[in-house]
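Novice: One file: work-v6.txt (compact mmCIF, C-alpha atoms).
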# COMPACT_ATOMS: atom_id res chain seq x y z
CA MET A 1 124.88 190.06 91.04
CA GLY A 2 128.11 190.36 89.08
CA LEU A 3 129.86 187.29 87.74
CA ARG A 4 132.57 186.03 90.01
CA ARG A 5 135.57 186.31 87.69
CA PRO A 6 138.63 184.22 88.35
CA LYS A 7 141.42 186.29 89.88
CA ILE A 8 143.68 186.54 86.87
CA LYS A 9 146.37 189.18 86.80
CA LYS A 10 146.22 190.92 83.46
CA GLY A 11 149.23 189.94 81.45
CA ALA A 12 149.81 186.68 83.31
CA ASN A 13 149.00 183.55 81.32
CA MET A 14 146.69 185.26 78.94
CA SER A 15 146.60 185.73 75.25
CA THR A 16 144.27 187.16 72.69
CA ASN A 17 142.35 185.28 70.10
CA THR A 18 140.45 186.70 67.21
CA TYR A 19 136.86 185.67 67.34
CA ALA A 20 134.30 187.01 64.91
CA GLY A 21 136.65 189.75 63.81
CA GLN A 22 137.28 190.99 67.32
CA THR A 23 140.37 190.57 69.44
CA ILE A 24 139.22 188.84 72.61
CA GLU A 25 141.37 188.28 75.67
CA VAL A 26 141.38 184.71 76.92
CA ASN A 27 143.25 182.94 79.70
CA ASP A 28 145.61 180.04 79.08
CA GLU A 29 142.69 177.60 78.97
CA GLY A 30 140.80 179.64 76.41
CA PHE A 31 138.19 181.12 78.74
CA LEU A 32 137.16 184.72 78.16
CA LEU A 33 138.77 187.11 80.63
CA ASP A 34 136.00 189.65 80.28
CA SER A 35 132.53 188.22 79.85
CA SER A 36 131.25 191.52 78.48
CA THR A 37 133.25 190.91 75.30
CA TRP A 38 131.05 187.92 74.49
CA THR A 39 128.59 188.00 71.65
CA PRO A 40 126.72 185.14 69.96
CA ALA A 41 129.12 185.51 67.06
CA VAL A 42 132.04 185.01 69.45
CA ALA A 43 130.29 181.87 70.71
CA GLU A 44 130.04 180.54 67.16
CA ALA A 45 133.72 181.27 66.59
CA ILE A 46 134.84 179.55 69.81
CA ALA A 47 132.64 176.56 68.96
CA GLN A 48 134.08 176.38 65.49
CA ASP A 49 137.58 176.39 66.98
CA ALA A 50 136.51 173.52 69.23
CA GLY A 51 135.27 171.54 66.26
CA ILE A 52 131.55 172.15 66.75
CA GLU A 53 130.01 173.56 63.65
CA PRO A 54 127.40 174.88 63.51
CA LEU A 55 125.75 175.55 66.85
CA THR A 56 122.27 174.05 66.73
CA ASP A 57 119.16 175.10 68.66
CA ARG A 58 119.98 172.48 71.26
CA HIS A 59 123.47 173.96 71.71
CA TRP A 60 121.94 177.39 72.10
CA GLN A 61 119.45 176.09 74.64
CA VAL A 62 122.38 175.01 76.79
CA ILE A 63 124.41 178.16 76.19
CA THR A 64 121.47 180.40 76.99
CA PHE A 65 120.70 178.46 80.15
CA CYS A 66 124.34 178.67 81.26
CA ARG A 67 124.50 182.43 80.76
CA GLU A 68 121.19 183.05 82.51
CA ASP A 69 122.04 180.74 85.38
CA ALA A 70 125.51 182.26 85.78
CA ALA A 71 123.97 185.73 85.93
CA LYS A 72 121.64 184.55 88.72
CA GLU A 73 124.06 182.42 90.71
CA GLY A 74 127.29 184.33 90.16
CA GLN A 75 129.17 181.31 88.86
CA ALA A 76 129.14 179.05 85.85
CA PRO A 77 126.76 176.10 86.43
CA GLY A 78 128.18 172.66 87.10
CA LEU A 79 127.39 169.92 84.61
CA ARG A 80 124.85 168.21 86.85
CA ARG A 81 122.99 171.50 87.28
CA ILE A 82 122.91 172.01 83.52
CA ALA A 83 121.59 168.47 83.01
CA LYS A 84 118.89 169.04 85.64
CA LEU A 85 117.67 172.50 84.67
CA SER A 86 118.50 173.30 81.06
CA GLY A 87 116.13 170.80 79.50
CA VAL A 88 119.02 168.93 77.92
CA ASP A 89 119.95 165.71 79.72
CA MET A 90 123.42 164.41 80.59
CA LYS A 91 123.63 161.97 77.70
CA GLU A 92 122.77 164.62 75.15
CA LEU A 93 125.15 167.12 76.75
CA TYR A 94 128.05 164.74 76.14
CA LYS A 95 126.92 164.43 72.52
CA LEU A 96 126.49 168.17 71.92
CA PHE A 97 129.70 169.22 73.68
CA PRO A 98 132.15 166.34 73.30
CA LYS A 99 134.93 165.62 75.79
CA GLY A 100 134.37 167.99 78.73
CA PRO A 101 130.84 169.35 78.22
CA GLY A 102 130.64 171.50 81.34
CA LYS A 103 133.90 173.24 80.55
CA LEU A 104 133.26 173.48 76.82
CA ALA A 105 129.75 174.89 77.19
CA ALA A 106 131.04 177.48 79.67
CA ARG A 107 133.87 178.47 77.35
CA ILE A 108 131.55 178.87 74.38
CA ALA A 109 129.12 180.81 76.56
CA GLY A 110 131.88 183.24 77.53
CA LEU A 111 131.73 182.18 81.18
CA PRO A 112 134.58 181.25 83.52
CA LYS A 113 135.47 177.61 84.04
CA PRO A 114 132.92 175.88 86.31
CA THR A 115 134.32 174.79 89.66
CA SER A 116 131.91 172.03 90.66
CA CYS A 117 133.00 168.38 90.65
CA VAL A 118 129.59 167.15 89.59
CA MET B 1 200.95 174.55 78.32
CA ASN B 2 197.83 176.59 78.24
CA THR B 3 194.62 174.69 78.22
CA THR B 4 191.65 176.40 76.90
CA GLU B 5 188.22 175.41 77.85
CA THR B 6 185.74 175.35 75.11
CA PHE B 7 182.14 175.74 75.96
CA GLN B 8 179.69 173.81 73.98
CA ALA B 9 176.45 175.63 73.77
CA VAL B 10 173.68 173.31 74.83
CA ALA B 11 170.14 174.06 73.76
CA PRO B 12 168.07 174.81 76.86
CA GLU B 13 165.55 172.13 77.65
CA THR B 14 162.17 173.39 76.58
CA LYS B 15 159.61 172.60 79.23
CA SER B 16 156.55 171.32 77.42
CA ALA B 17 153.24 170.76 79.14
CA PRO B 18 152.81 167.18 80.44
CA GLU B 19 150.72 164.80 78.34
CA PRO B 20 147.07 164.93 79.47
CA ILE B 21 145.57 161.71 80.82
CA LYS B 22 143.42 160.03 78.18
CA LYS B 23 141.90 157.14 80.08
CA VAL B 24 141.49 155.96 83.68
CA SER B 25 140.54 152.52 84.96
CA ILE B 26 139.31 152.57 88.54
CA ILE B 27 139.17 149.40 90.61
CA CYS B 28 136.50 149.77 93.32
CA SER B 29 137.07 147.15 95.97
CA LYS B 30 135.31 148.78 98.94
CA GLY B 31 131.68 149.15 99.81
CA THR B 32 131.62 151.94 102.36
CA LEU B 33 130.41 155.45 101.60
CA ASP B 34 133.86 156.91 102.19
CA MET B 35 135.28 154.59 99.54
CA ALA B 36 132.43 154.57 97.05
CA TYR B 37 132.19 158.36 96.74
CA PRO B 38 135.85 158.99 95.86
CA ALA B 39 135.73 156.26 93.21
CA LEU B 40 132.57 157.53 91.56
CA ILE B 41 133.35 161.25 91.89
CA LEU B 42 136.81 160.71 90.41
CA ALA B 43 135.33 158.76 87.53
CA ASN B 44 132.83 161.54 86.92
CA ALA B 45 135.51 164.22 87.14
CA ALA B 46 137.48 162.25 84.57
CA ARG B 47 134.49 162.19 82.23
CA MET B 48 133.94 165.91 82.74
CA SER B 49 137.55 166.44 81.73
CA GLY B 50 137.16 164.46 78.54
CA ILE B 51 138.95 161.42 79.98
CA ASP B 52 137.55 157.93 79.30
CA ALA B 53 136.66 156.05 82.47
CA THR B 54 136.24 152.35 83.18
CA LEU B 55 135.16 151.16 86.62
CA PHE B 56 135.73 147.62 87.85
CA PHE B 57 133.78 146.69 90.95
CA THR B 58 135.13 143.81 92.98
CA PHE B 59 134.78 142.31 96.46
CA TRP B 60 133.04 144.84 98.70
CA GLY B 61 132.74 147.15 95.73
CA MET B 62 130.02 144.81 94.52
CA ASP B 63 127.75 146.41 97.13
CA VAL B 64 127.94 149.66 95.19
CA ILE B 65 126.45 148.02 92.11
CA THR B 66 124.04 145.60 93.80
CA LYS B 67 120.42 146.76 93.68
CA LYS B 68 119.71 145.68 97.25
CA LYS B 69 122.79 147.38 98.69
CA VAL B 70 123.45 150.51 96.65
CA ASN B 71 121.25 152.76 98.80
CA ALA B 72 122.38 151.18 102.05
CA LEU B 73 126.13 151.78 102.01
CA HIS B 74 127.52 152.70 105.42
CA VAL B 75 130.50 154.41 106.97
CA ALA B 76 132.66 152.37 109.32
CA THR B 77 132.52 153.45 112.97
CA VAL B 78 134.73 150.67 114.35
CA GLY B 79 138.40 150.35 113.53
CA ASN B 80 138.18 153.70 111.76
CA PRO B 81 140.74 156.07 113.25
CA SER B 82 139.48 158.85 111.01
CA MET B 83 136.10 158.79 112.72
CA LYS B 84 137.48 159.95 116.07
CA ILE B 85 135.00 158.06 118.18
CA PRO B 86 136.33 155.45 120.60
CA THR B 87 135.90 151.86 119.41
CA PHE B 88 133.70 150.88 122.37
CA LEU B 89 131.28 153.66 121.42
CA GLY B 90 131.46 153.00 117.72
CA GLY B 91 130.59 149.36 118.34
CA LEU B 92 127.34 150.10 120.16
CA PRO B 93 124.20 149.00 118.33
CA GLY B 94 122.86 151.73 116.10
CA MET B 95 126.04 153.82 116.00
CA GLU B 96 126.95 152.79 112.47
CA GLY B 97 123.50 153.61 111.21
CA MET B 98 123.48 156.95 113.00
CA ALA B 99 126.91 157.96 111.74
CA THR B 100 125.87 157.00 108.24
CA LYS B 101 122.67 158.99 108.50
CA MET B 102 124.58 162.06 109.67
CA MET B 103 127.06 161.76 106.85
CA LYS B 104 124.30 161.37 104.26
CA LYS B 105 122.64 164.49 105.66
CA GLU B 106 125.83 166.48 105.16
CA ILE B 107 126.07 165.16 101.63
CA GLU B 108 122.50 166.24 100.94
CA LYS B 109 123.10 169.69 102.42
CA LEU B 110 125.85 170.25 99.89
CA ASP B 111 123.46 169.10 97.18
CA LEU B 112 125.78 166.27 96.22
CA PRO B 113 124.23 163.37 94.35
CA SER B 114 123.40 160.07 96.06
CA ILE B 115 125.34 156.97 95.06
CA GLY B 116 122.44 155.85 92.89
CA GLU B 117 122.29 159.17 91.10
CA LEU B 118 126.06 159.16 90.58
CA LEU B 119 125.82 155.78 88.90
CA ASP B 120 123.17 157.26 86.60
CA ILE B 121 125.33 160.27 85.82
CA LEU B 122 128.33 158.05 85.12
CA ASP B 123 126.34 155.84 82.80
CA ALA B 124 124.94 158.84 80.91
CA SER B 125 128.42 160.34 80.62
CA GLY B 126 129.77 157.26 78.89
CA ALA B 127 131.77 155.75 81.75
CA GLU B 128 131.79 151.95 81.63
CA LEU B 129 130.92 149.99 84.76
CA TYR B 130 131.87 146.33 85.12
CA ALA B 131 131.37 143.70 87.79
CA CYS B 132 134.07 141.26 88.81
CA GLN B 133 133.31 137.69 87.78
CA MET B 134 135.00 136.14 90.82
CA ALA B 135 133.18 138.47 93.23
CA MET B 136 129.86 137.61 91.57
CA GLU B 137 130.51 133.94 92.26
CA MET B 138 131.72 134.58 95.79
CA PHE B 139 128.69 136.61 96.76
CA LYS B 140 126.37 134.39 94.75
CA LEU B 141 125.11 137.27 92.65
CA LYS B 142 123.31 137.08 89.35
CA ARG B 143 123.22 139.69 86.58
CA GLU B 144 119.67 140.65 87.62
CA ASP B 145 120.90 141.53 91.11
CA LEU B 146 123.07 144.28 89.69
CA VAL B 147 122.06 147.85 88.91
CA PRO B 148 121.16 148.46 85.23
CA GLN B 149 124.16 150.75 84.70
CA VAL B 150 126.56 147.78 84.81
CA LYS B 151 127.75 147.08 81.30
CA GLY B 152 129.08 143.57 81.82
CA VAL B 153 130.92 141.05 83.95
CA LEU B 154 134.68 140.76 83.55
CA SER B 155 137.43 138.59 84.90
CA ALA B 156 140.51 140.35 86.29
CA MET B 157 142.40 139.51 83.10
CA ASP B 158 139.59 140.95 80.97
CA PHE B 159 139.84 144.07 83.09
CA PHE B 160 143.53 144.44 82.31
CA ASP B 161 142.78 144.04 78.60
CA LYS B 162 140.27 146.86 78.86
CA ALA B 163 142.69 148.93 80.94
CA ALA B 164 145.31 148.98 78.19
CA GLY B 165 146.83 152.41 77.82
CA SER B 166 145.03 153.78 80.85
CA GLN B 167 146.04 154.96 84.30
CA VAL B 168 144.91 152.31 86.78
CA ILE B 169 143.63 153.48 90.15
CA PHE B 170 142.92 151.08 93.01
CA ILE B 171 140.41 152.15 95.65
Turn this file's structure into structure tokens for me.
Specialist:
Amino acid sequence: MGLRRPKIKKGANMSTNTYAGQTIEVNDEGFLLDSSTWTPAVAEAIAQDAGIEPLTDRHWQVITFCREDAAKEGQAPGLRRIAKLSGVDMKELYKLFPKGPGKLAARIAGLPKPTSCV
Amino acid sequence: MNTTETFQAVAPETKSAPEPIKKVSIICSKGTLDMAYPALILANAARMSGIDATLFFTFWGMDVITKKKVNALHVATVGNPSMKIPTFLGGLPGMEGMATKMMKKEIEKLDLPSIGELLDILDASGAELYACQMAMEMFKLKREDLVPQVKGVLSAMDFFDKAAGSQVIFI
């Protein structure tokens, strides 16, 4: 099942950032426009930009879960789903990915912004 | 005499993005499902957006944070024009319970959390939940009667101190 990508017209509200030596297209909120351009090195670079340095095993546990779950479900997992199924609980998620953990984890994982309200 | 108009070039107003909200303080004064959910979901959405959230439960909102009541919140079937059932029907014994059960079923079908679980999520996310001192006295509640996620008991003035710099929402 392909990832449901947000309907973004190319050229509208997008820019490119250089992550890990590559030029990656992102939308105006910093989410990757094309998930196939993601690599773990890109994840590290996005995280570094967001002030998380370095990504620990716990971070990677969340990122890996998010990518696998998104591939299965066709959308980025909501925060409650991550807390339930990734093995990392809500409290820790807020510590690992400060401010908006669901959005930040998705952005680092090269996924579109999650749509769920929980 | 010729008058000449001189144009003064005015720098165009640059539209900058509005300042993001940093903190919300939500006053929860109602104890029905249709009032508790918006309050808690909004607080959670705030936390998920990196916004600090303080919740102040008062009057009927105390039901949301009282151990004995938190899992027994109802929807109103009488005097509720949104429900679209005539008052004489809505007032029949059992109607309120049935309507509540149906609504809870819909909530479960969408895999939305229960009120209790939402309180857990809010607590874990760093939202701060407070009980109103006056409401505690009015309903003769003690600290032990409240759910563990409540951080403390505040007076209305304390609440406003805590709400400094935040957007205040009354529900």
Novice: Counting all atoms listed in the file, what is within 8 Å of range 21-24 of chain B, bar same-chain residues fewer than 4 positions away, as a list in words?
Specialist: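 So the residues in contact are Ala43, Ala46, Gly50, Ile51, Asp52, Ala53, Thr54, Ala163, Gly165, Ser166, Gln167, Val168 and Ile169 of chain B.
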Novice: Between A:Cys117, A:Ala47, A:Ala105, A:Ala83, which is the closest to chain B once you count all atoms listed in the file?
Specialist: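 Among the listed residues, A:Cys117 lies closest to chain B.
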Novice: May I ask you to extract the residues of chain A within 8 Å of chain B, using all atoms listed in the file, and to give them as a PDB file with C-alpha atoms, in the coordinates of the input?
Specialist:
ATOM      1  CA  LEU A  79     127.390 169.920  84.610  1.00  0.00           C
ATOM      2  CA  MET A  90     123.420 164.410  80.590  1.00  0.00           C
ATOM      3  CA  LYS A  91     123.630 161.970  77.700  1.00  0.00           C
ATOM      4  CA  TYR A  94     128.050 164.740  76.140  1.00  0.00           C
ATOM      5  CA  PRO A  98     132.150 166.340  73.300  1.00  0.00           C
ATOM      6  CA  LYS A  99     134.930 165.620  75.790  1.00  0.00           C
ATOM      7  CA  GLY A 100     134.370 167.990  78.730  1.00  0.00           C
ATOM      8  CA  PRO A 101     130.840 169.350  78.220  1.00  0.00           C
ATOM      9  CA  GLY A 102     130.640 171.500  81.340  1.00  0.00           C
ATOM     10  CA  LYS A 103     133.900 173.240  80.550  1.00  0.00           C
ATOM     11  CA  CYS A 117     133.000 168.380  90.650  1.00  0.00           C
ATOM     12  CA  VAL A 118     129.590 167.150  89.590  1.00  0.00           C
TER      13      VAL A 118
END
Novice: Record the distance separating CA of Asp28 in chain A and CA of Glu44 in chain A, expressed in Å with one decimal.
Specialist: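 Going from CA of Asp28 in chain A over to CA of Glu44 in chain A covers 19.6 Å.
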Novice: Taking into account only C-alpha atoms, which residue in the set A:Cys66, A:Phe31, A:Ala45, A:Phe97 is nearest to Leu85 in chain A?
Specialist: A:Cys66
Novice: If we count only C-alpha atoms, what is near range 33-41 of chain A at a cut-off of 8 Å, once residues fewer than 6 positions away on the same chain are taken out, given as number ranges by chain?
Specialist: A: 5, 8, 19-20, 24-27, 109-112
Novice: Can you pull out the residues contacting range 61-76 of chain B? Cut-off 10 Å, using only C-alpha atoms, and skip same-chain residues under 6 positions away; I want them as a PDB file with C-alpha atoms, in the frame of the given file.
Specialist:
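The resulting file, around.pdb, is shown below:
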ATOM      1  CA  ILE B  27     139.170 149.400  90.610  1.00  0.00           C
ATOM      2  CA  CYS B  28     136.500 149.770  93.320  1.00  0.00           C
ATOM      3  CA  SER B  29     137.070 147.150  95.970  1.00  0.00           C
ATOM      4  CA  LYS B  30     135.310 148.780  98.940  1.00  0.00           C
ATOM      5  CA  GLY B  31     131.680 149.150  99.810  1.00  0.00           C
ATOM      6  CA  THR B  32     131.620 151.940 102.360  1.00  0.00           C
ATOM      7  CA  LEU B  33     130.410 155.450 101.600  1.00  0.00           C
ATOM      8  CA  ASP B  34     133.860 156.910 102.190  1.00  0.00           C
ATOM      9  CA  MET B  35     135.280 154.590  99.540  1.00  0.00           C
ATOM     10  CA  ALA B  36     132.430 154.570  97.050  1.00  0.00           C
ATOM     11  CA  TYR B  37     132.190 158.360  96.740  1.00  0.00           C
ATOM     12  CA  ALA B  39     135.730 156.260  93.210  1.00  0.00           C
ATOM     13  CA  LEU B  40     132.570 157.530  91.560  1.00  0.00           C
ATOM     14  CA  SER B  82     139.480 158.850 111.010  1.00  0.00           C
ATOM     15  CA  MET B  83     136.100 158.790 112.720  1.00  0.00           C
ATOM     16  CA  GLY B  90     131.460 153.000 117.720  1.00  0.00           C
ATOM     17  CA  GLY B  91     130.590 149.360 118.340  1.00  0.00           C
ATOM     18  CA  MET B  95     126.040 153.820 116.000  1.00  0.00           C
ATOM     19  CA  GLU B  96     126.950 152.790 112.470  1.00  0.00           C
ATOM     20  CA  GLY B  97     123.500 153.610 111.210  1.00  0.00           C
ATOM     21  CA  MET B  98     123.480 156.950 113.000  1.00  0.00           C
ATOM     22  CA  ALA B  99     126.910 157.960 111.740  1.00  0.00           C
ATOM     23  CA  THR B 100     125.870 157.000 108.240  1.00  0.00           C
ATOM     24  CA  LYS B 101     122.670 158.990 108.500  1.00  0.00           C
ATOM     25  CA  MET B 103     127.060 161.760 106.850  1.00  0.00           C
ATOM     26  CA  LYS B 104     124.300 161.370 104.260  1.00  0.00           C
ATOM     27  CA  SER B 114     123.400 160.070  96.060  1.00  0.00           C
ATOM     28  CA  ILE B 115     125.340 156.970  95.060  1.00  0.00           C
ATOM     29  CA  GLY B 116     122.440 155.850  92.890  1.00  0.00           C
ATOM     30  CA  LEU B 119     125.820 155.780  88.900  1.00  0.00           C
ATOM     31  CA  LEU B 129     130.920 149.990  84.760  1.00  0.00           C
ATOM     32  CA  TYR B 130     131.870 146.330  85.120  1.00  0.00           C
ATOM     33  CA  ALA B 131     131.370 143.700  87.790  1.00  0.00           C
ATOM     34  CA  CYS B 132     134.070 141.260  88.810  1.00  0.00           C
ATOM     35  CA  ALA B 135     133.180 138.470  93.230  1.00  0.00           C
ATOM     36  CA  MET B 136     129.860 137.610  91.570  1.00  0.00           C
ATOM     37  CA  PHE B 139     128.690 136.610  96.760  1.00  0.00           C
ATOM     38  CA  LEU B 141     125.110 137.270  92.650  1.00  0.00           C
ATOM     39  CA  LYS B 142     123.310 137.080  89.350  1.00  0.00           C
ATOM     40  CA  ARG B 143     123.220 139.690  86.580  1.00  0.00           C
ATOM     41  CA  GLU B 144     119.670 140.650  87.620  1.00  0.00           C
ATOM     42  CA  ASP B 145     120.900 141.530  91.110  1.00  0.00           C
ATOM     43  CA  LEU B 146     123.070 144.280  89.690  1.00  0.00           C
ATOM     44  CA  VAL B 147     122.060 147.850  88.910  1.00  0.00           C
ATOM     45  CA  PRO B 148     121.160 148.460  85.230  1.00  0.00           C
ATOM     46  CA  GLN B 149     124.160 150.750  84.700  1.00  0.00           C
ATOM     47  CA  VAL B 150     126.560 147.780  84.810  1.00  0.00           C
ATOM     48  CA  ILE B 171     140.410 152.150  95.650  1.00  0.00           C
TER      49      ILE B 171
END
Novice: Provide an axis-aligned box for all listed atoms of range 84-102 of chain A, padding each side by 6 Å; report its centre and its edge lengths in Å to one decimal, as lines of an AutoDock Vina configuration file.
Specialist:
center_x = 125.5
center_y = 167.6
center_z = 78.8
size_x = 30.8
size_y = 23.3
size_z = 25.7
Novice: Just want the 10 Å neighbourhood of Leu154 in chain B, counted on all atoms listed in the file, with same-chain residues fewer than 3 positions away dropped. Output as a list in words.
Specialist: Phe56, Phe57, Thr58, Tyr130, Ala131, Cys132, Gln133, Met134, Met136, Lys151, Met157, Asp158, Phe159, Phe160 and Lys162 of chain B
Novice: Place a sphere of radius 12 Å on (119.1, 170.3, 82.9) in the file coordinates and name every protein, DNA or RNA residue with an atom inside or on its surface, counting only C-alpha atoms; give the answer as a CSV table (one decimal) with C-alpha atoms, keeping the file's coordinate frame.
Specialist:
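The file below, part-v4.csv, is the result:
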chain,number,residue,atom,x,y,z
A,58,ARG,CA,120.0,172.5,71.3
A,61,GLN,CA,119.4,176.1,74.6
A,62,VAL,CA,122.4,175.0,76.8
A,63,ILE,CA,124.4,178.2,76.2
A,64,THR,CA,121.5,180.4,77.0
A,65,PHE,CA,120.7,178.5,80.2
A,66,CYS,CA,124.3,178.7,81.3
A,69,ASP,CA,122.0,180.7,85.4
A,77,PRO,CA,126.8,176.1,86.4
A,78,GLY,CA,128.2,172.7,87.1
A,79,LEU,CA,127.4,169.9,84.6
A,80,ARG,CA,124.8,168.2,86.8
A,81,ARG,CA,123.0,171.5,87.3
A,82,ILE,CA,122.9,172.0,83.5
A,83,ALA,CA,121.6,168.5,83.0
A,84,LYS,CA,118.9,169.0,85.6
A,85,LEU,CA,117.7,172.5,84.7
A,86,SER,CA,118.5,173.3,81.1
A,87,GLY,CA,116.1,170.8,79.5
A,88,VAL,CA,119.0,168.9,77.9
A,89,ASP,CA,120.0,165.7,79.7
A,90,MET,CA,123.4,164.4,80.6
A,91,LYS,CA,123.6,162.0,77.7
A,92,GLU,CA,122.8,164.6,75.2
A,93,LEU,CA,125.2,167.1,76.8
A,102,GLY,CA,130.6,171.5,81.3
Novice: Report the distance between CA of Met14 in chain A and CA of Ala43 in chain A in Å, rounded to one decimal place.
Specialist: 18.7 Å
Novice: By how many Å are CA of Glu128 in chain B and CA of Leu96 in chain A apart?
Specialist: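 Going from CA of Glu128 in chain B over to CA of Leu96 in chain A, I get 19.6 Å.
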Novice: Generate the coordinates of N, CA and C atoms for range 44-55 of chain A; report them as a tab-separated table (two decimals), in the frame of the given file.
Specialist:
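What landed in result-v7.tsv:
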chain	number	residue	atom	x	y	z
A	44	GLU	N	129.93	181.37	68.37
A	44	GLU	CA	130.04	180.54	67.16
A	44	GLU	C	131.50	180.31	66.80
A	45	ALA	N	132.31	181.39	66.96
A	45	ALA	CA	133.72	181.27	66.59
A	45	ALA	C	134.47	180.33	67.53
A	46	ILE	N	134.19	180.44	68.85
A	46	ILE	CA	134.84	179.55	69.81
A	46	ILE	C	134.43	178.10	69.53
A	47	ALA	N	133.14	177.91	69.23
A	47	ALA	CA	132.64	176.56	68.96
A	47	ALA	C	133.31	175.98	67.73
A	48	GLN	N	133.45	176.83	66.72
A	48	GLN	CA	134.08	176.38	65.49
A	48	GLN	C	135.52	175.93	65.77
A	49	ASP	N	136.21	176.73	66.57
A	49	ASP	CA	137.58	176.39	66.98
A	49	ASP	C	137.62	175.05	67.68
A	50	ALA	N	136.56	174.76	68.45
A	50	ALA	CA	136.51	173.52	69.23
A	50	ALA	C	136.00	172.36	68.40
A	51	GLY	N	135.71	172.62	67.14
A	51	GLY	CA	135.27	171.54	66.26
A	51	GLY	C	133.76	171.34	66.21
A	52	ILE	N	133.00	172.26	66.82
A	52	ILE	CA	131.55	172.15	66.75
A	52	ILE	C	131.05	173.16	65.73
A	53	GLU	N	130.45	172.66	64.72
A	53	GLU	CA	130.01	173.56	63.65
A	53	GLU	C	128.84	172.96	62.93
A	54	PRO	N	127.72	173.61	62.84
A	54	PRO	CA	127.40	174.88	63.51
A	54	PRO	C	126.74	174.63	64.86
A	55	LEU	N	126.47	175.69	65.59
A	55	LEU	CA	125.75	175.55	66.85
A	55	LEU	C	124.27	175.40	66.53
